[in-house]
file start_24.tsv (TSV, C-alpha atoms)
chain	number	residue	atom	x	y	z
A	1	MET	CA	-189.84	-161.94	55.80
A	2	SER	CA	-187.58	-164.92	55.56
A	3	THR	CA	-185.00	-165.59	52.89
A	4	PRO	CA	-184.99	-168.76	50.78
A	5	ARG	CA	-182.49	-171.37	51.85
A	6	GLY	CA	-179.10	-170.81	50.25
A	7	GLN	CA	-179.92	-167.33	48.99
A	8	GLY	CA	-179.19	-164.02	50.64
A	9	PRO	CA	-181.30	-160.91	51.06
A	10	ASP	CA	-180.09	-159.65	47.66
A	11	ALA	CA	-182.02	-162.45	45.94
A	12	VAL	CA	-185.21	-161.52	47.80
A	13	THR	CA	-184.79	-157.83	46.94
A	14	ALA	CA	-184.22	-158.67	43.26
A	15	GLY	CA	-187.28	-160.93	43.24
A	16	LEU	CA	-189.52	-158.21	44.62
A	17	SER	CA	-188.17	-155.33	42.55
A	18	THR	CA	-187.93	-156.78	39.02
A	19	SER	CA	-190.74	-156.49	36.51
A	20	TRP	CA	-190.25	-160.10	35.35
A	21	SER	CA	-192.96	-162.54	36.41
A	22	SER	CA	-193.45	-166.29	36.05
A	23	GLY	CA	-197.23	-165.90	36.04
A	24	GLN	CA	-197.76	-167.19	32.51
A	25	VAL	CA	-195.65	-170.27	33.15
A	26	GLU	CA	-197.51	-170.93	36.40
A	27	GLY	CA	-200.79	-170.69	34.49
A	28	HIS	CA	-199.69	-173.41	32.07
A	29	VAL	CA	-198.55	-175.61	34.95
A	30	THR	CA	-201.89	-175.13	36.73
A	31	ARG	CA	-203.79	-176.03	33.56
A	32	ALA	CA	-201.69	-179.17	33.04
A	33	LYS	CA	-202.33	-180.23	36.64
A	34	LEU	CA	-206.07	-179.67	36.17
A	35	LEU	CA	-206.11	-181.85	33.05
A	36	LYS	CA	-204.13	-184.51	34.90
A	37	ARG	CA	-206.62	-184.48	37.79
A	38	MET	CA	-209.57	-184.71	35.41
A	39	GLY	CA	-208.18	-187.91	33.87
A	40	PHE	CA	-207.11	-189.56	37.13
A	41	GLY	CA	-208.01	-193.25	37.25
A	42	ARG	CA	-209.31	-193.48	33.69
A	43	ALA	CA	-206.62	-192.09	31.42
A	44	ASN	CA	-203.07	-192.97	30.57
A	45	LEU	CA	-200.11	-190.78	29.69
A	46	ASP	CA	-200.87	-190.83	25.96
A	47	LEU	CA	-204.35	-189.38	26.49
A	48	LEU	CA	-203.00	-186.74	28.91
A	49	ARG	CA	-200.33	-185.70	26.38
A	50	ARG	CA	-202.96	-185.45	23.62
A	51	ARG	CA	-205.30	-183.34	25.78
A	52	ILE	CA	-202.51	-180.94	26.77
A	53	LEU	CA	-201.36	-180.49	23.17
A	54	LEU	CA	-204.90	-179.93	21.89
A	55	ARG	CA	-205.60	-177.23	24.50
A	56	THR	CA	-202.56	-175.07	23.64
call {"tool": "encode", "arguments": {"input": "start_24.tsv", "output": "structure tokens"}}
result
Amino acid sequence: MSTPRGQGPDAVTAGLSTSWSSGQVEGHVTRAKLLKRMGFGRANLDLLRRRILLRT
């Protein structure tokens, strides 16, 4: 296992042993990327913003 650049083994140990997870945030990011891909080439930023806000 390698350590992230600029962080020591303590950071890796803390990341693997804590109960905190960024899974819910990652889910929102994935959904936003999916909506962005669906509108590629035919939608502008205003439509993307409206679609993201309506889906929450």
call {"tool": "closest_residue", "arguments": {"input": "start_24.tsv", "among": "A:Arg37, A:Arg31, A:Ser17, A:Pro9", "to": "Leu53 (chain A)", "atoms": "only C-alpha atoms"}}
result
A:Arg31
call {"tool": "residues_around", "arguments": {"input": "start_24.tsv", "residues": "Met38 (chain A)", "least_positions_apart": "4", "cutoff": "12 Å", "atoms": "all atoms listed in the file", "output": "MDAnalysis selection string"}}
result
chainID A and resid 31:34 42:44 47:48 51:52
call {"tool": "write_last_selection", "arguments": {"input": "start_24.tsv", "atoms": "C-alpha atoms", "output": "short mmCIF file (atom, residue, chain, number, x, y, z; two decimals), in the frame of the given file"}}
result
data_model
loop_
_atom_site.label_atom_id
_atom_site.label_comp_id
_atom_site.auth_asym_id
_atom_site.auth_seq_id
_atom_site.Cartn_x
_atom_site.Cartn_y
_atom_site.Cartn_z
CA ARG A 31 -203.79 -176.03 33.56
CA ALA A 32 -201.69 -179.17 33.04
CA LYS A 33 -202.33 -180.23 36.64
CA LEU A 34 -206.07 -179.67 36.17
CA ARG A 42 -209.31 -193.48 33.69
CA ALA A 43 -206.62 -192.09 31.42
CA ASN A 44 -203.07 -192.97 30.57
CA LEU A 47 -204.35 -189.38 26.49
CA LEU A 48 -203.00 -186.74 28.91
CA ARG A 51 -205.30 -183.34 25.78
CA ILE A 52 -202.51 -180.94 26.77
#
call {"tool": "atom_distance", "arguments": {"input": "start_24.tsv", "atom1": "CA of Thr30 (chain A)", "atom2": "CA of Leu54 (chain A)"}}
result
15.9 Å
call {"tool": "atom_distance", "arguments": {"input": "start_24.tsv", "atom1": "CA of Gly15 (chain A)", "atom2": "CA of His28 (chain A)"}}
result
20.8 Å
call {"tool": "atom_distance", "arguments": {"input": "start_24.tsv", "atom1": "CA of Gly39 (chain A)", "atom2": "CA of Ser21 (chain A)"}}
result
29.7 Å
call {"tool": "axis_aligned_box", "arguments": {"input": "start_24.tsv", "around": "region 35-48 of chain A", "padding_each_side": "6 Å", "output": "lines of an AutoDock Vina configuration file"}}
result
center_x = -204.8
center_y = -187.7
center_z = 31.9
size_x = 21.5
size_y = 23.6
size_z = 23.8
call {"tool": "build_atoms", "arguments": {"input": "start_24.tsv", "residues": "region 29-40 of chain A", "atoms": "all heavy atoms", "output": "PDB file, in the coordinates of the input"}}
result
ATOM      1  N   VAL A  29    -198.750-174.504  34.017  1.00  0.00           N
ATOM      2  CA  VAL A  29    -198.550-175.610  34.950  1.00  0.00           C
ATOM      3  C   VAL A  29    -199.873-175.950  35.648  1.00  0.00           C
ATOM      4  O   VAL A  29    -200.243-177.117  35.779  1.00  0.00           O
ATOM      5  CB  VAL A  29    -197.449-175.275  35.978  1.00  0.00           C
ATOM      6  CG1 VAL A  29    -197.411-176.298  37.092  1.00  0.00           C
ATOM      7  CG2 VAL A  29    -196.102-175.178  35.298  1.00  0.00           C
ATOM      8  N   THR A  30    -200.603-174.916  36.063  1.00  0.00           N
ATOM      9  CA  THR A  30    -201.890-175.130  36.730  1.00  0.00           C
ATOM     10  C   THR A  30    -202.870-175.824  35.793  1.00  0.00           C
ATOM     11  O   THR A  30    -203.590-176.744  36.192  1.00  0.00           O
ATOM     12  CB  THR A  30    -202.475-173.786  37.197  1.00  0.00           C
ATOM     13  OG1 THR A  30    -201.539-173.178  38.089  1.00  0.00           O
ATOM     14  CG2 THR A  30    -203.800-173.971  37.898  1.00  0.00           C
ATOM     15  N   ARG A  31    -202.897-175.403  34.526  1.00  0.00           N
ATOM     16  CA  ARG A  31    -203.790-176.030  33.560  1.00  0.00           C
ATOM     17  C   ARG A  31    -203.430-177.488  33.314  1.00  0.00           C
ATOM     18  O   ARG A  31    -204.298-178.365  33.237  1.00  0.00           O
ATOM     19  CB  ARG A  31    -203.754-175.258  32.240  1.00  0.00           C
ATOM     20  CG  ARG A  31    -204.721-175.781  31.206  1.00  0.00           C
ATOM     21  CD  ARG A  31    -204.751-174.925  29.966  1.00  0.00           C
ATOM     22  NE  ARG A  31    -203.446-174.662  29.396  1.00  0.00           N
ATOM     23  CZ  ARG A  31    -202.807-175.506  28.586  1.00  0.00           C
ATOM     24  NH1 ARG A  31    -203.350-176.647  28.261  1.00  0.00           N
ATOM     25  NH2 ARG A  31    -201.621-175.188  28.112  1.00  0.00           N
ATOM     26  N   ALA A  32    -202.130-177.785  33.233  1.00  0.00           N
ATOM     27  CA  ALA A  32    -201.690-179.170  33.040  1.00  0.00           C
ATOM     28  C   ALA A  32    -202.067-180.031  34.239  1.00  0.00           C
ATOM     29  O   ALA A  32    -202.505-181.172  34.077  1.00  0.00           O
ATOM     30  CB  ALA A  32    -200.183-179.212  32.813  1.00  0.00           C
ATOM     31  N   LYS A  33    -201.941-179.476  35.444  1.00  0.00           N
ATOM     32  CA  LYS A  33    -202.330-180.230  36.640  1.00  0.00           C
ATOM     33  C   LYS A  33    -203.831-180.483  36.662  1.00  0.00           C
ATOM     34  O   LYS A  33    -204.281-181.550  37.077  1.00  0.00           O
ATOM     35  CB  LYS A  33    -201.903-179.476  37.897  1.00  0.00           C
ATOM     36  CG  LYS A  33    -200.418-179.519  38.153  1.00  0.00           C
ATOM     37  CD  LYS A  33    -200.088-178.784  39.431  1.00  0.00           C
ATOM     38  CE  LYS A  33    -198.619-178.808  39.738  1.00  0.00           C
ATOM     39  NZ  LYS A  33    -198.318-178.094  41.000  1.00  0.00           N
ATOM     40  N   LEU A  34    -204.618-179.504  36.221  1.00  0.00           N
ATOM     41  CA  LEU A  34    -206.070-179.670  36.170  1.00  0.00           C
ATOM     42  C   LEU A  34    -206.437-180.791  35.201  1.00  0.00           C
ATOM     43  O   LEU A  34    -207.260-181.662  35.525  1.00  0.00           O
ATOM     44  CB  LEU A  34    -206.732-178.364  35.747  1.00  0.00           C
ATOM     45  CG  LEU A  34    -208.234-178.441  35.491  1.00  0.00           C
ATOM     46  CD1 LEU A  34    -208.980-178.692  36.796  1.00  0.00           C
ATOM     47  CD2 LEU A  34    -208.723-177.167  34.846  1.00  0.00           C
ATOM     48  N   LEU A  35    -205.830-180.795  34.015  1.00  0.00           N
ATOM     49  CA  LEU A  35    -206.110-181.850  33.050  1.00  0.00           C
ATOM     50  C   LEU A  35    -205.692-183.217  33.585  1.00  0.00           C
ATOM     51  O   LEU A  35    -206.378-184.216  33.357  1.00  0.00           O
ATOM     52  CB  LEU A  35    -205.392-181.564  31.738  1.00  0.00           C
ATOM     53  CG  LEU A  35    -205.926-180.382  30.940  1.00  0.00           C
ATOM     54  CD1 LEU A  35    -205.001-180.077  29.775  1.00  0.00           C
ATOM     55  CD2 LEU A  35    -207.327-180.640  30.471  1.00  0.00           C
ATOM     56  N   LYS A  36    -204.598-183.254  34.315  1.00  0.00           N
ATOM     57  CA  LYS A  36    -204.130-184.510  34.900  1.00  0.00           C
ATOM     58  C   LYS A  36    -205.127-185.010  35.938  1.00  0.00           C
ATOM     59  O   LYS A  36    -205.459-186.190  35.985  1.00  0.00           O
ATOM     60  CB  LYS A  36    -202.761-184.300  35.535  1.00  0.00           C
ATOM     61  CG  LYS A  36    -202.154-185.555  36.089  1.00  0.00           C
ATOM     62  CD  LYS A  36    -200.785-185.281  36.668  1.00  0.00           C
ATOM     63  CE  LYS A  36    -200.212-186.517  37.318  1.00  0.00           C
ATOM     64  NZ  LYS A  36    -198.924-186.264  37.939  1.00  0.00           N
ATOM     65  N   ARG A  37    -205.639-184.100  36.776  1.00  0.00           N
ATOM     66  CA  ARG A  37    -206.620-184.480  37.790  1.00  0.00           C
ATOM     67  C   ARG A  37    -207.922-184.968  37.159  1.00  0.00           C
ATOM     68  O   ARG A  37    -208.560-185.879  37.657  1.00  0.00           O
ATOM     69  CB  ARG A  37    -206.913-183.317  38.723  1.00  0.00           C
ATOM     70  CG  ARG A  37    -205.933-183.206  39.841  1.00  0.00           C
ATOM     71  CD  ARG A  37    -206.395-182.167  40.850  1.00  0.00           C
ATOM     72  NE  ARG A  37    -205.349-181.184  40.983  1.00  0.00           N
ATOM     73  CZ  ARG A  37    -205.388-179.945  40.538  1.00  0.00           C
ATOM     74  NH1 ARG A  37    -206.456-179.478  39.953  1.00  0.00           N
ATOM     75  NH2 ARG A  37    -204.375-179.141  40.697  1.00  0.00           N
ATOM     76  N   MET A  38    -208.323-184.324  36.057  1.00  0.00           N
ATOM     77  CA  MET A  38    -209.570-184.710  35.410  1.00  0.00           C
ATOM     78  C   MET A  38    -209.507-186.131  34.848  1.00  0.00           C
ATOM     79  O   MET A  38    -210.520-186.819  34.767  1.00  0.00           O
ATOM     80  CB  MET A  38    -209.905-183.726  34.285  1.00  0.00           C
ATOM     81  CG  MET A  38    -210.353-182.381  34.793  1.00  0.00           C
ATOM     82  SD  MET A  38    -210.481-181.101  33.536  1.00  0.00           S
ATOM     83  CE  MET A  38    -211.492-181.855  32.314  1.00  0.00           C
ATOM     84  N   GLY A  39    -208.324-186.580  34.450  1.00  0.00           N
ATOM     85  CA  GLY A  39    -208.180-187.910  33.870  1.00  0.00           C
ATOM     86  C   GLY A  39    -207.725-188.958  34.858  1.00  0.00           C
ATOM     87  O   GLY A  39    -207.480-190.099  34.473  1.00  0.00           O
ATOM     88  N   PHE A  40    -207.637-188.625  36.137  1.00  0.00           N
ATOM     89  CA  PHE A  40    -207.110-189.560  37.130  1.00  0.00           C
ATOM     90  C   PHE A  40    -207.961-190.826  37.195  1.00  0.00           C
ATOM     91  O   PHE A  40    -209.179-190.764  37.312  1.00  0.00           O
ATOM     92  CB  PHE A  40    -207.057-188.909  38.511  1.00  0.00           C
ATOM     93  CG  PHE A  40    -206.504-189.816  39.577  1.00  0.00           C
ATOM     94  CD1 PHE A  40    -205.155-190.071  39.643  1.00  0.00           C
ATOM     95  CD2 PHE A  40    -207.345-190.424  40.492  1.00  0.00           C
ATOM     96  CE1 PHE A  40    -204.640-190.906  40.607  1.00  0.00           C
ATOM     97  CE2 PHE A  40    -206.837-191.256  41.467  1.00  0.00           C
ATOM     98  CZ  PHE A  40    -205.484-191.499  41.518  1.00  0.00           C
TER      99      PHE A  40
END
